[in-house]
Every structure is written in structure tokens, then in C-alpha cells.
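Visitor: Have a peek at query.cif (mmCIF, C-alpha atoms and all ligand atoms).
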```cif
data_structure
#
loop_
_atom_site.label_atom_id
_atom_site.label_comp_id
_atom_site.auth_asym_id
_atom_site.auth_seq_id
_atom_site.Cartn_x
_atom_site.Cartn_y
_atom_site.Cartn_z
CA MET H 1 0.00 0.00 0.00
CA LYS H 2 1.03 3.63 -0.52
CA ALA H 3 1.94 5.53 2.66
CA ALA H 4 3.72 8.64 3.91
CA ILE H 5 6.60 7.24 5.92
CA ILE H 6 9.27 8.79 8.11
CA ASN H 7 12.58 7.04 8.76
CA GLN H 8 13.92 9.74 11.05
CA PHE H 9 12.49 12.55 13.18
CA GLY H 10 12.89 16.08 11.87
CA ASN H 11 11.55 18.82 9.63
CA PRO H 12 8.49 18.46 7.36
CA ASP H 13 10.76 17.24 4.53
CA VAL H 14 11.47 13.90 6.30
CA PHE H 15 8.38 12.34 4.68
CA GLU H 16 8.78 9.82 1.87
CA ILE H 17 5.84 8.44 -0.14
CA LYS H 18 6.54 4.72 -0.41
CA ASN H 19 4.91 1.34 -0.89
CA THR H 20 4.80 -0.67 2.31
CA GLU H 21 3.07 -3.71 3.78
CA LYS H 22 -0.69 -3.45 4.38
CA PRO H 23 -1.33 -3.76 8.17
CA ILE H 24 -2.62 -7.09 9.50
CA ILE H 25 -5.49 -6.82 11.98
CA LYS H 26 -5.84 -8.67 15.29
CA SER H 27 -9.15 -10.30 16.26
CA ASP H 28 -10.29 -7.12 18.08
CA GLN H 29 -9.34 -4.66 15.36
CA VAL H 30 -10.83 -3.05 12.26
CA LEU H 31 -8.99 -2.39 8.97
CA ILE H 32 -9.98 0.86 7.26
CA LYS H 33 -9.41 1.72 3.62
CA VAL H 34 -8.49 5.35 4.26
CA LYS H 35 -10.07 8.11 2.19
CA ALA H 36 -9.07 11.23 4.13
CA VAL H 37 -7.00 12.21 7.17
CA SER H 38 -6.98 15.41 9.20
CA LEU H 39 -3.88 16.84 10.82
CA ASN H 40 -3.53 17.67 14.50
CA PRO H 41 -0.60 19.33 16.30
CA ILE H 42 0.29 15.92 17.80
CA ASP H 43 1.28 14.81 14.25
CA TRP H 44 3.96 17.45 13.74
CA LYS H 45 5.10 17.18 17.37
CA GLN H 46 5.64 13.44 16.82
CA ARG H 47 7.34 14.06 13.46
CA LYS H 48 9.83 16.31 15.29
CA GLY H 49 10.53 13.47 17.78
CA ASN H 50 8.95 15.21 20.79
CA HIS H 51 7.47 11.94 22.05
CA LYS H 52 10.39 9.61 21.29
CA TYR H 53 11.33 9.15 24.98
CA ILE H 54 7.84 7.81 25.65
CA LEU H 55 6.93 6.08 22.37
CA GLY H 56 10.41 5.07 21.12
CA SER H 57 11.65 5.28 17.54
CA PRO H 58 10.07 2.31 15.72
CA PHE H 59 11.02 3.37 12.17
CA PRO H 60 9.60 3.32 9.58
CA ILE H 61 6.78 5.28 11.24
CA ILE H 62 3.42 6.20 9.67
CA LEU H 63 1.95 9.24 11.45
CA GLY H 64 -1.66 10.47 11.62
CA TYR H 65 -4.63 9.73 13.91
CA ASP H 66 -7.83 11.26 12.50
CA LEU H 67 -9.34 9.53 9.47
CA SER H 68 -12.41 8.58 7.49
CA GLY H 69 -12.83 5.69 5.07
CA GLU H 70 -14.43 2.37 4.38
CA VAL H 71 -14.24 -0.75 6.54
CA GLU H 72 -12.13 -3.24 4.58
CA GLU H 73 -11.92 -6.08 7.10
CA VAL H 74 -12.98 -6.81 10.69
CA GLY H 75 -11.45 -9.12 13.29
CA THR H 76 -13.42 -12.10 14.60
CA GLU H 77 -14.34 -10.31 17.85
CA ILE H 78 -15.77 -7.23 16.08
CA SER H 79 -19.56 -6.91 16.20
CA LYS H 80 -20.29 -3.22 15.54
CA PHE H 81 -18.77 -2.96 12.05
CA LYS H 82 -18.79 -4.99 8.84
CA LYS H 83 -16.92 -4.79 5.54
CA GLY H 84 -18.24 -1.90 3.44
CA ASP H 85 -19.37 0.33 6.36
CA LEU H 86 -18.32 3.96 5.98
CA ALA H 87 -16.56 5.05 9.15
CA PHE H 88 -14.63 7.86 10.78
CA GLY H 89 -12.53 7.98 13.91
CA VAL H 90 -9.22 8.45 15.69
CA LEU H 91 -6.60 5.68 15.82
CA ASP H 92 -5.19 4.29 19.06
CA ASN H 93 -1.77 3.04 17.93
CA LYS H 94 1.56 4.54 18.97
CA TYR H 95 2.13 7.21 16.30
CA GLY H 96 -1.28 6.59 14.70
CA GLY H 97 -0.77 5.19 11.20
CA ALA H 98 -3.48 7.03 9.24
CA LEU H 99 -1.34 8.53 6.45
CA ALA H 100 -1.64 5.38 4.33
CA GLU H 101 -4.07 3.57 2.05
CA PHE H 102 -4.99 1.24 4.93
CA ALA H 103 -4.95 1.78 8.70
CA VAL H 104 -5.93 -0.25 11.73
CA GLY H 105 -7.58 0.51 15.07
CA HIS H 106 -9.73 -1.03 17.81
CA GLU H 107 -13.53 -0.86 17.60
CA LYS H 108 -13.71 2.01 20.14
CA CYS H 109 -11.80 4.24 17.68
CA PHE H 110 -14.60 4.41 15.10
CA SER H 111 -18.21 5.29 14.47
CA LEU H 112 -20.32 5.29 11.32
CA LYS H 113 -19.68 8.33 9.15
CA PRO H 114 -22.62 10.79 9.09
CA LYS H 115 -24.15 10.30 5.61
CA ASP H 116 -24.33 14.02 4.89
CA LEU H 117 -20.58 14.55 5.45
CA SER H 118 -17.92 14.04 2.78
CA TYR H 119 -14.87 11.94 3.69
CA GLU H 120 -12.82 15.13 4.06
CA GLU H 121 -15.39 16.69 6.41
CA ALA H 122 -15.67 13.50 8.48
CA ALA H 123 -11.89 13.16 8.87
CA ALA H 124 -11.79 16.69 10.32
CA VAL H 125 -14.08 15.78 13.20
CA PRO H 126 -12.78 13.15 15.66
CA MET H 127 -9.85 14.38 17.78
CA VAL H 128 -10.89 18.01 18.21
CA SER H 129 -14.54 17.16 18.93
CA LEU H 130 -13.80 14.32 21.37
CA THR H 131 -11.33 16.60 23.15
CA SER H 132 -13.83 19.44 23.55
CA LEU H 133 -16.73 17.19 24.56
CA GLN H 134 -14.72 15.17 27.10
CA ALA H 135 -13.00 18.27 28.50
CA PHE H 136 -16.26 20.09 29.23
CA ARG H 137 -18.42 17.10 30.18
CA ASP H 138 -15.97 14.84 32.04
CA ILE H 139 -13.09 16.99 33.25
CA VAL H 140 -14.64 20.32 34.24
CA ASN H 141 -18.33 19.30 34.48
CA LEU H 142 -19.37 22.47 32.69
CA GLN H 143 -22.76 23.83 33.80
CA ALA H 144 -25.23 26.08 32.01
CA GLY H 145 -24.65 29.72 32.94
CA GLN H 146 -20.92 29.26 33.63
CA THR H 147 -18.29 31.26 31.74
CA VAL H 148 -15.53 29.57 29.72
CA LEU H 149 -12.52 31.32 28.22
CA VAL H 150 -11.23 29.47 25.14
CA ASN H 151 -7.61 30.43 24.46
CA GLY H 152 -6.81 29.49 20.84
CA ALA H 153 -10.42 29.82 19.73
CA SER H 154 -9.94 29.68 15.96
CA GLY H 155 -7.92 26.46 15.68
CA GLY H 156 -9.09 22.87 15.38
CA VAL H 157 -10.04 22.42 19.04
CA GLY H 158 -10.96 26.05 19.68
CA HIS H 159 -13.69 26.53 17.09
CA VAL H 160 -15.36 23.27 18.17
CA ALA H 161 -14.95 24.10 21.87
CA ILE H 162 -16.86 27.37 21.42
CA GLN H 163 -19.79 25.52 19.83
CA ILE H 164 -19.91 22.69 22.40
CA ALA H 165 -19.64 25.12 25.34
CA LYS H 166 -22.50 27.18 23.87
CA MET H 167 -24.57 24.00 23.38
CA MET H 168 -24.03 23.23 27.08
CA GLY H 169 -25.44 26.66 27.95
CA ALA H 170 -22.14 28.33 28.89
CA LYS H 171 -21.00 31.87 28.09
CA VAL H 172 -17.83 31.92 25.97
CA ILE H 173 -14.94 34.38 25.80
CA ALA H 174 -12.95 33.56 22.65
CA VAL H 175 -9.25 34.46 22.48
CA ALA H 176 -7.37 34.57 19.15
CA SER H 177 -5.79 37.13 16.83
CA SER H 178 -7.74 39.86 15.04
CA LYS H 179 -7.22 37.92 11.76
CA SER H 180 -9.43 35.16 13.15
CA LYS H 181 -12.19 37.40 14.58
CA GLU H 182 -14.55 37.22 11.60
CA PHE H 183 -14.13 33.44 11.34
CA ILE H 184 -14.84 32.98 15.06
CA GLU H 185 -17.90 35.23 15.11
CA GLN H 186 -19.94 32.70 13.10
CA PHE H 187 -19.80 30.42 16.20
CA LYS H 188 -21.35 33.18 18.34
CA PRO H 189 -19.00 33.54 21.33
CA ASP H 190 -20.27 36.09 23.86
CA SER H 191 -17.09 38.14 23.57
CA PHE H 192 -13.78 38.17 21.72
CA ILE H 193 -10.26 39.11 22.85
CA ASP H 194 -7.45 39.78 20.40
CA TYR H 195 -4.41 38.43 22.26
CA ALA H 196 -2.05 40.80 20.41
CA GLU H 197 -3.98 43.86 21.53
CA THR H 198 -5.23 42.95 25.01
CA ASP H 199 -3.36 41.24 27.82
CA VAL H 200 -5.71 38.43 28.81
CA LEU H 201 -4.16 38.33 32.27
CA LYS H 202 -5.33 41.90 32.88
CA MET H 203 -8.97 41.41 31.82
CA ASP H 204 -11.57 42.55 34.35
CA LYS H 205 -13.87 39.48 34.01
CA LYS H 206 -13.69 36.24 36.01
CA VAL H 207 -14.29 32.83 34.45
CA ASP H 208 -15.33 29.41 35.71
CA VAL H 209 -13.11 27.61 33.21
CA PHE H 210 -9.91 28.88 31.61
CA PHE H 211 -9.60 26.42 28.72
CA ASP H 212 -5.98 26.89 27.67
CA VAL H 213 -5.97 25.13 24.30
CA VAL H 214 -2.72 26.76 23.18
CA GLY H 215 -1.11 26.08 26.56
CA ASN H 216 0.82 29.35 26.81
CA TYR H 217 -0.55 30.30 30.24
CA THR H 218 -0.23 28.54 33.61
CA PHE H 219 -2.41 27.94 36.67
CA PRO H 220 -0.44 30.37 38.92
CA LYS H 221 -0.68 33.10 36.25
CA THR H 222 -4.42 32.68 35.60
CA LYS H 223 -5.63 31.89 39.15
CA HIS H 224 -6.77 35.48 39.78
CA LEU H 225 -9.09 35.22 36.73
CA LEU H 226 -10.90 32.15 38.09
CA ASN H 227 -14.11 32.26 40.12
CA SER H 228 -13.93 30.73 43.61
CA GLU H 229 -14.16 27.12 42.37
CA GLY H 230 -12.83 27.82 38.89
CA ILE H 231 -10.69 25.43 36.85
CA TYR H 232 -7.63 26.08 34.70
CA LEU H 233 -7.50 23.30 32.07
CA ASN H 234 -4.32 22.99 29.99
CA LEU H 235 -4.48 20.85 26.84
CA ASN H 236 -0.72 20.59 26.50
CA TYR H 237 -0.57 17.35 28.49
CA LEU H 238 3.18 16.69 28.64
CA ASN H 239 3.96 20.29 29.48
CA SER H 240 1.36 20.33 32.25
CA LEU H 241 2.82 17.16 33.83
CA THR H 242 6.02 19.10 34.51
CA LYS H 243 3.91 21.78 36.24
CA LEU H 244 2.16 19.32 38.60
CA PRO H 245 4.17 20.08 41.79
CA VAL H 246 3.83 23.87 41.33
CA ASN H 247 0.10 23.51 40.60
CA LYS H 248 -0.43 21.32 43.69
CA PHE H 249 1.21 24.02 45.81
CA HIS H 250 -1.02 26.71 44.29
CA GLU H 251 -4.12 24.58 44.94
CA LEU H 252 -3.31 24.39 48.69
CA PHE H 253 -5.25 27.35 50.06
CA THR H 254 -8.04 27.61 47.49
CA LYS H 255 -10.86 25.63 45.89
CA LYS H 256 -9.55 26.57 42.44
CA LYS H 257 -8.04 23.67 40.50
CA ALA H 258 -5.51 23.03 37.72
CA LYS H 259 -6.32 20.15 35.39
CA SER H 260 -5.04 18.48 32.27
CA PHE H 261 -6.15 15.44 30.33
CA LEU H 262 -5.74 13.31 27.23
CA MET H 263 -8.62 12.70 24.84
CA LYS H 264 -9.87 9.10 24.80
CA GLN H 265 -11.09 7.03 21.85
CA ASN H 266 -14.81 6.42 22.38
CA SER H 267 -17.35 5.28 19.73
CA ALA H 268 -20.34 6.39 21.81
CA ASP H 269 -18.92 9.93 22.05
CA LEU H 270 -18.23 9.92 18.29
CA LYS H 271 -21.89 8.99 17.75
CA ILE H 272 -23.02 11.95 19.93
CA ILE H 273 -20.82 14.22 17.83
CA ALA H 274 -22.02 12.71 14.52
CA ASP H 275 -25.63 13.35 15.61
CA TRP H 276 -24.86 16.98 16.50
CA ILE H 277 -23.35 17.45 13.03
CA SER H 278 -26.30 15.80 11.28
CA GLU H 279 -28.71 17.98 13.30
CA GLY H 280 -26.78 21.11 12.25
CA LYS H 281 -25.73 21.89 15.84
CA LEU H 282 -21.98 21.50 15.23
CA LYS H 283 -19.92 22.60 12.25
CA ILE H 284 -16.28 21.71 11.64
CA ASN H 285 -14.42 24.07 9.33
CA ILE H 286 -11.84 22.90 6.80
CA ASP H 287 -9.07 25.40 6.23
CA LYS H 288 -6.85 23.73 3.59
CA THR H 289 -6.92 20.40 1.74
CA PHE H 290 -3.76 18.65 0.54
CA GLN H 291 -3.03 15.46 -1.41
CA LEU H 292 -0.87 12.75 0.23
CA GLU H 293 2.03 13.75 -2.03
CA GLN H 294 1.86 17.24 -0.46
CA ILE H 295 2.26 15.93 3.08
CA SER H 296 5.42 17.97 3.79
CA GLU H 297 3.63 21.16 2.74
CA ALA H 298 0.59 20.16 4.83
CA HIS H 299 2.73 19.63 7.96
CA GLU H 300 4.57 22.90 7.38
CA TYR H 301 1.25 24.79 7.20
CA SER H 302 -0.26 23.02 10.21
CA GLN H 303 2.86 23.62 12.30
CA LYS H 304 2.55 27.39 11.83
CA GLY H 305 -0.44 27.11 14.19
CA HIS H 306 -2.66 29.76 12.60
CA ASN H 307 -5.18 27.60 10.76
CA LYS H 308 -8.89 28.33 10.96
CA GLY H 309 -10.29 24.94 11.87
CA LYS H 310 -8.72 21.86 10.31
CA ASN H 311 -6.34 20.83 7.55
CA ILE H 312 -7.05 17.71 5.49
CA VAL H 313 -4.89 15.23 3.60
CA VAL H 314 -6.73 13.28 0.90
CA ILE H 315 -5.49 9.69 0.64
CA ASN H 316 -7.90 8.28 -1.92
CA ASN H 317 -9.89 10.60 -4.17
CA SER H 318 -12.68 8.15 -5.10
CA ASN H 319 -15.98 9.13 -3.55
CA ASN H 320 -18.69 6.81 -2.35
N1 LIG W 401 -4.78 16.79 25.55
C1 LIG W 401 -5.40 16.35 24.47
O1 LIG W 401 -6.04 15.28 24.46
C2 LIG W 401 -5.34 17.18 23.21
C3 LIG W 401 -6.21 16.88 22.15
C4 LIG W 401 -6.18 17.70 21.00
C5 LIG W 401 -5.25 18.76 20.94
N2 LIG W 401 -4.41 18.98 21.99
C6 LIG W 401 -3.43 20.09 21.94
O2 LIG W 401 -4.16 21.31 21.87
C7 LIG W 401 -3.38 22.27 21.18
C8 LIG W 401 -4.23 22.95 20.12
O3 LIG W 401 -4.69 22.01 19.17
P1 LIG W 401 -5.47 22.52 17.87
O4 LIG W 401 -5.79 21.34 17.05
O5 LIG W 401 -6.55 23.43 18.26
O6 LIG W 401 -4.29 23.38 17.17
P2 LIG W 401 -4.36 24.41 15.98
O7 LIG W 401 -5.51 24.09 15.09
O8 LIG W 401 -3.00 24.45 15.38
O9 LIG W 401 -4.66 25.80 16.72
C9 LIG W 401 -4.06 26.92 16.33
C10 LIG W 401 -4.85 28.12 16.87
O10 LIG W 401 -4.20 28.67 18.00
C11 LIG W 401 -4.34 30.09 17.94
N3 LIG W 401 -3.17 30.75 18.57
C12 LIG W 401 -1.88 30.70 18.18
N4 LIG W 401 -1.12 31.42 19.03
C13 LIG W 401 -1.96 31.91 19.98
C14 LIG W 401 -1.79 32.72 21.14
N5 LIG W 401 -0.59 33.19 21.50
N6 LIG W 401 -2.89 32.98 21.89
C15 LIG W 401 -4.10 32.53 21.55
N7 LIG W 401 -4.33 31.79 20.44
C16 LIG W 401 -3.27 31.48 19.68
C17 LIG W 401 -4.36 30.43 16.47
O11 LIG W 401 -5.18 31.59 16.29
P3 LIG W 401 -4.62 32.82 15.44
O12 LIG W 401 -4.33 32.28 14.05
O13 LIG W 401 -5.73 33.79 15.47
O14 LIG W 401 -3.35 33.27 16.12
C18 LIG W 401 -4.92 29.19 15.81
O15 LIG W 401 -6.23 29.34 15.40
C19 LIG W 401 -2.16 21.53 20.64
O16 LIG W 401 -1.07 21.76 21.50
C20 LIG W 401 -2.57 20.08 20.71
O17 LIG W 401 -1.50 19.19 20.80
C21 LIG W 401 -4.42 18.22 23.11
#
```
So, in terms of C-alpha cells, how does the structure I just supplied come out?
Ligand SMILES: NC(=O)c1ccc[n+]([C@@H]2O[C@H](COP(=O)([O-])OP(=O)(O)OC[C@H]3O[C@@H](n4cnc5c(N)ncnc54)[C@H](OP(=O)(O)O)[C@@H]3O)[C@@H](O)[C@H]2O)c1

Guide:
Amino acid sequence: MKAAIINQFGNPDVFEIKNTEKPIIKSDQVLIKVKAVSLNPIDWKQRKGNHKYILGSPFPIILGYDLSGEVEEVGTEISKFKKGDLAFGVLDNKYGGALAEFAVGHEKCFSLKPKDLSYEEAAAVPMVSLTSLQAFRDIVNLQAGQTVLVNGASGGVGHVAIQIAKMMGAKVIAVASSKSKEFIEQFKPDSFIDYAETDVLKMDKKVDVFFDVVGNYTFPKTKHLLNSEGIYLNLNYLNSLTKLPVNKFHELFTKKKAKSFLMKQNSADLKIIADWISEGKLKINIDKTFQLEQISEAHEYSQKGHNKGKNIVVINNSNN
């Protein structure tokens, strides 16, 4: 099968498009014929080797987590999917493996693709939507009437987080650059802060949740902006682990909390998200679309970190 492979960590030009072995599924796995993939910052962080001390260097590596496609084969223990189903999801292997004609994952990684979404649109959905849903529902227990600040509001996670927070009845303060203001306004945040013009740390409002998607603030720095039981949630998981001792100290004499988490593969959550999209309650924006052969260019663009929504890599152009 054709795949974008890396044989070393490094710059976006480390990719090679090569033929490699089609993956073999285990009894509890599903093989997907991949149609489209969306990029997430974890992809370029892994390409650079940022996770090599945890995940090792098992070259050749195929990166990529978010995908859509057609079920090609199912293991003997699989009951929810059959060959020919159209699916979307987020892979659960070390380093993913989506940037290829075929990719493999456990059943929990996938759900049926909403019929009204193209493969490109469906591939854009999983990681950013699961992250926003699980962050607000499971980690901060967001309640109607509460105020959430979304820092990094125009990116993949941010633009979805605004919509899910609004659906849950929260008030949203969106933080991004002035270039993203018009894009963000379609998702109806209650207010907007241009981070280049206004120092967020000096704002005169308090929030119940400081959702630090970009991860360029800290709990000690934002504590004064939190309501009495407010939560600072940092999405940069590895970075926030290093801050644990400091955060614990700052939690000592207050009910305010610092949290971090990692998104989890979950078919039931993907189904909730698919239903929201089909009902017109949630919209995922595609910024740029690339072909597999343009993967270096796609990573370079994604790594700049100023996309509006998601970037897509098309693996197989045939529609269904
Ligand atoms: N823990 C988890 O499970 C999990 C899951 C998904 C993602 N993440 C992490 O979450 C982060 C964001 O992911 P993403 O997919 O949303 O990335 P993204 O699409 O690349 O987000 C980029 C956005 O960040 C905004 N931005 C850049 N610099 C900023 C600044 N100084 N202040 C405020 N906003 C700024 C940009 O807005 P402008 O263009 O207007 O500057 C842009 O829209 C990444 O670090 C990713 O690894 C973690």
C-alpha cells in the first residue's frame, strides 16, 4: 500500500511516499481503507521526535490519527462494524498510522460516518470534537450559565470548543488574533479578545473555566481570573505534567483547581458528535486540503499554528 513514511524525526521534509506492507489486523481490530486524514498538532510534534522518549523510535513510522474511510476487514471479535461500512474515527496506535491507504484501530476508535458529510469533512471531526466534549463534560463538568474562556479559539479544538460550550449553555470568551475574529464570530461567542492587543491576564472578568488550548498560560498566572471554584485546564498534556508540583502548591489554600487530560477514543462519544453534526448543531471548518504527495507542505502549514479549523490530507480521491 502507498503511505507517507518517516525514517527519522525532523523537519516536514522527512516524509517519503513509499509502498509498504498493508497492516494485519488482530481479532479485536478493524482495517480501514483510508479516504481522508486530518492533521492535529500531535502529528507534527511526533514528526519532530517530541514523544520519542515515551513512544520510542520504531522506524519506519506512519503518522496520523484522525481519518475517514471504508471498513475493509474486521477481526473475529468485532460486532459493531462490517466490511463496506463507511466510518470515521481516531486511531489508538503509537504514532497513529493514518497517512496510508490502509490503517488499523480497535472498535472504540470508530463510528459510522454521518451520511451528509464528505470523507474530508468527516476526517476533520474526531480528535478536536472528542477533546472538547470530554473536556467540558468529564473533566470540568461544565454547567449552564458558567463562563468559559477558550484560548486558541480559531484552531481545530478552539472553534469546536466554542460551539460545544454554547450548546451546554455556557457563556464563551474567545481568544485569538484579530485575523481570526470574523471566522470565530460565526460560532457566536459572547465576547472576543485579540491576544495581540489585550493582555488576557489583565482582563476585568472572572471565568469558571480557563480552557488553555494553546497552553501558553499557567495555573499560577491565571488563578486570579478564576471564580472561587474555577478550573484552569491545559491541553498541553506533557507540558502540564512538569507543572504538577507547582500547581499542587497553588491549589493548597483555594478551591480553584488546575487540570489536564488526554482525549480518549470512544465510539459512543463519536456517535453523539455525529448526531450533532447531522442535526446542524456542530460545524467543523476545513481550512486547507492537501493530497498525500503534499504531506510535507501540509505539515509545514499546520505547524505554523494559525489555521482556521482543520487541515485535510486526501489519501484516496474516489468518492462513495
Ligand atoms: N490533551 C489532548 O487530548 C489534546 C487533544 C487535542 C489537541 N491537543 C493540543 O491542543 C493544542 C491545540 O490544538 P489545535 O488542534 O486546536 O491546534 P491548531 O488548530 O493548530 O490551533 C491553532 C490556533 O491557535 C491560535 N493561537 C496561536 N497562538 C496563539 C496565542 N498566542 N494565543 C491565543 N491563540 C493562539 C491560532 O489563532 P490565530 O491564528 O488567530 O493566532 C490558531 O487558530 C495543541 O497543542 C494540541 O497538541 C491536546

Visitor: List all protein, DNA and RNA residues that have any atom at most 6 Å from ligand LIG 401 (chain W), counting only C-alpha atoms and all ligand atoms, and write the list as a PyMOL selection string.

Guide: chain H and resi 40-42+127-128+131+151-152+154-158+175-177+179-180+195+213-214+235-237+261-263+305-309

Visitor: In Å to one decimal, how far is atom CA of Asp85 of chain H from atom CA of Trp276 of chain H?

Guide: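 These atoms are spaced 20.3 Å apart.
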
Visitor: Record the distance separating atom CA of Asp190 of chain H and atom CA of Leu142 of chain H, expressed in Å with one decimal.

Guide: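 These atoms are spaced 16.3 Å apart.
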
Visitor: I'd like the contact shell of Ser178 of chain H - 12 Å cut-off, all atoms listed in the file, skipping same-chain residues fewer than 4 positions apart - returned as an MDAnalysis selection string.

Guide: chainID H and resid 152:154 174 182:185 192:198 306

Visitor: Save out the residues we just selected, C-alpha atoms, as a tab-separated table (two decimals), in the coordinates of the input.

Guide:
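Generated output (selection-v7.tsv):
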```tsv
chain	number	residue	atom	x	y	z
H	152	GLY	CA	-6.81	29.49	20.84
H	153	ALA	CA	-10.42	29.82	19.73
H	154	SER	CA	-9.94	29.68	15.96
H	174	ALA	CA	-12.95	33.56	22.65
H	182	GLU	CA	-14.55	37.22	11.60
H	183	PHE	CA	-14.13	33.44	11.34
H	184	ILE	CA	-14.84	32.98	15.06
H	185	GLU	CA	-17.90	35.23	15.11
H	192	PHE	CA	-13.78	38.17	21.72
H	193	ILE	CA	-10.26	39.11	22.85
H	194	ASP	CA	-7.45	39.78	20.40
H	195	TYR	CA	-4.41	38.43	22.26
H	196	ALA	CA	-2.05	40.80	20.41
H	197	GLU	CA	-3.98	43.86	21.53
H	198	THR	CA	-5.23	42.95	25.01
H	306	HIS	CA	-2.66	29.76	12.60
```

Visitor: Produce the centre coordinates and the three edge lengths, each in Å to one decimal, of the box along x, y and z that contains all listed atoms of segment 183-194 of chain H with 3 Å added on each side, as lines of an AutoDock Vina configuration file.

Guide:
```
center_x = -14.4
center_y = 35.1
center_z = 17.6
size_x = 19.9
size_y = 15.4
size_z = 18.5
```

Visitor: What is the distance, in Å and to one decimal place, between atom CA of Ser111 of chain H and atom CA of Asn266 of chain H?

Guide: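 Atom CA of Asn266 of chain H lies 8.7 Å from atom CA of Ser111 of chain H.
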
Visitor: With distances taken over all atoms listed in the file, which of H:Val148, H:Ile32, H:Val207, H:Leu63 is nearest to Lys48 of chain H?

Guide: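 Counting all atoms listed in the file, the residue closest to Lys48 of chain H is H:Leu63.
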
Visitor: Pick the closest to Asp13 of chain H from H:Lys243, H:Leu233, H:Ile295, H:Ile273: which is it, counting only C-alpha atoms?

Guide: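 Of all the options, H:Ile295 lies closest to Asp13 of chain H.
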
Visitor: For each of H:His299, H:Leu91, H:Lys271, H:Pro220, take the minimum atom-to-atom distance to Leu252 of chain H, counting all atoms listed in the file, then give the residue where this is smallest.

Guide: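 Ranked by minimum distance to Leu252 of chain H, first place goes to H:Pro220.
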
Visitor: Name the closest residue to Pro126 of chain H among the candidates H:Asp269, H:Glu77, H:Asp199, H:Glu229; distances are taken between atoms, counting only C-alpha atoms.

Guide: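 The closest residue to Pro126 of chain H is H:Asp269.
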